[in-house]
Amino acid sequence: MAVRIDRDTFLQRALERFGHRYSYEEIDYRSYRTPVKIRCLDHPVRLIVITPERHLQTTGGCKYCLRRYRQQAMEAAVTVAAGPGDRQPGAAQKPGSAQQPGAAQPSAQAEVSATATRSW
Ligand SMILES: [Zn+2]
């Protein structure tokens, strides 16, 4: 059962997602998967031809907005990596070093309990 999304539903969802970033005045809505023409209000030089489905699933379809969005995401990623990044090398070593304590523990415990039994 596919949910049928008509023009009003699409416009409502688009408005919830993007607010007034895009203009939908020029769309000729046929179906959820038929491309429509959307205009980005920040970059009105170029019409966006995109299906309503993809418009709602992506950042909207404006490649200029997408580029800006990716730059922001990259800057955010760099900022995150610069912060707690110092601890990551230590965390990366864990899988290798974890094997040694795990292997050493049983014998160490056996020795301790053996000594304890003998001394008593
Ligand atoms: Zn844009």
# chains A, B, ... in the order shown; residues from 1 in each chain; ligands from 1

$ closest_atom_pairs --of "chain A" --to "ligand 1" --cutoff "7 Å" --atoms "only C-alpha atoms and all ligand atoms" --output "Markdown table"
| residue | atom | partner | partner_atom_place_in_ligand_line | distance |
| --- | --- | --- | --- | --- |
| A:Cys40 | CA | ligand 1 | 1 (Zn) | 4.8 |
| A:Leu41 | CA | ligand 1 | 1 (Zn) | 6.6 |
| A:Asp42 | CA | ligand 1 | 1 (Zn) | 4.9 |
| A:His43 | CA | ligand 1 | 1 (Zn) | 4.5 |
| A:Cys62 | CA | ligand 1 | 1 (Zn) | 4.7 |
| A:Lys63 | CA | ligand 1 | 1 (Zn) | 6.6 |
| A:Tyr64 | CA | ligand 1 | 1 (Zn) | 4.9 |
| A:Cys65 | CA | ligand 1 | 1 (Zn) | 4.0 |

$ residues_around --residues "A:Pro35" --least-positions-apart "6" --cutoff "10 Å" --atoms "only C-alpha atoms" --output "list in words"
Ile27, Asp28, Tyr29, Ile48, Val49, Ile50, Thr51, Pro52, Glu53, Arg54 and His55 of chain A

$ write_last_selection --atoms "N, CA and C atoms" --output "mmCIF file, in the first residue's frame"
data_model
loop_
_atom_site.group_PDB
_atom_site.id
_atom_site.type_symbol
_atom_site.label_atom_id
_atom_site.label_comp_id
_atom_site.auth_asym_id
_atom_site.auth_seq_id
_atom_site.Cartn_x
_atom_site.Cartn_y
_atom_site.Cartn_z
ATOM 1 N N ILE A 27 5.175 24.638 -10.004
ATOM 2 C CA ILE A 27 5.100 23.193 -10.146
ATOM 3 C C ILE A 27 3.805 22.790 -10.834
ATOM 4 N N ASP A 28 3.936 21.770 -11.635
ATOM 5 C CA ASP A 28 2.782 21.181 -12.306
ATOM 6 C C ASP A 28 2.669 19.762 -11.772
ATOM 7 N N TYR A 29 1.984 19.645 -10.654
ATOM 8 C CA TYR A 29 2.026 18.397 -9.901
ATOM 9 C C TYR A 29 1.195 17.319 -10.579
ATOM 10 N N ILE A 48 14.912 24.145 -10.392
ATOM 11 C CA ILE A 48 15.272 22.793 -9.998
ATOM 12 C C ILE A 48 14.204 21.859 -10.556
ATOM 13 N N VAL A 49 14.629 20.886 -11.325
ATOM 14 C CA VAL A 49 13.694 19.875 -11.813
ATOM 15 C C VAL A 49 13.937 18.621 -11.000
ATOM 16 N N ILE A 50 12.960 18.252 -10.210
ATOM 17 C CA ILE A 50 13.156 17.156 -9.262
ATOM 18 C C ILE A 50 11.796 16.542 -8.958
ATOM 19 N N THR A 51 11.803 15.271 -8.620
ATOM 20 C CA THR A 51 10.531 14.661 -8.227
ATOM 21 C C THR A 51 10.186 15.116 -6.815
ATOM 22 N N PRO A 52 8.913 15.253 -6.531
ATOM 23 C CA PRO A 52 8.522 15.621 -5.167
ATOM 24 C C PRO A 52 9.123 14.679 -4.127
ATOM 25 N N GLU A 53 9.206 13.410 -4.479
ATOM 26 C CA GLU A 53 9.778 12.432 -3.562
ATOM 27 C C GLU A 53 11.212 12.808 -3.187
ATOM 28 N N ARG A 54 12.014 13.077 -4.207
ATOM 29 C CA ARG A 54 13.413 13.389 -3.938
ATOM 30 C C ARG A 54 13.569 14.746 -3.268
ATOM 31 N N HIS A 55 12.690 15.624 -3.619
ATOM 32 C CA HIS A 55 12.764 16.942 -2.981
ATOM 33 C C HIS A 55 12.621 16.815 -1.466
#

$ closest_residue --among "A:Ile38, A:Leu11, A:Ala82, A:Ile5" --to "A:Gly60" --atoms "only C-alpha atoms"
A:Ile38

$ residues_around --residues "A:Arg39" --least-positions-apart "3" --cutoff "8 Å" --atoms "only C-alpha atoms" --output "JSON, numbers by chain"
{"A": [22, 23, 24, 26, 43, 44, 46, 47, 48]}
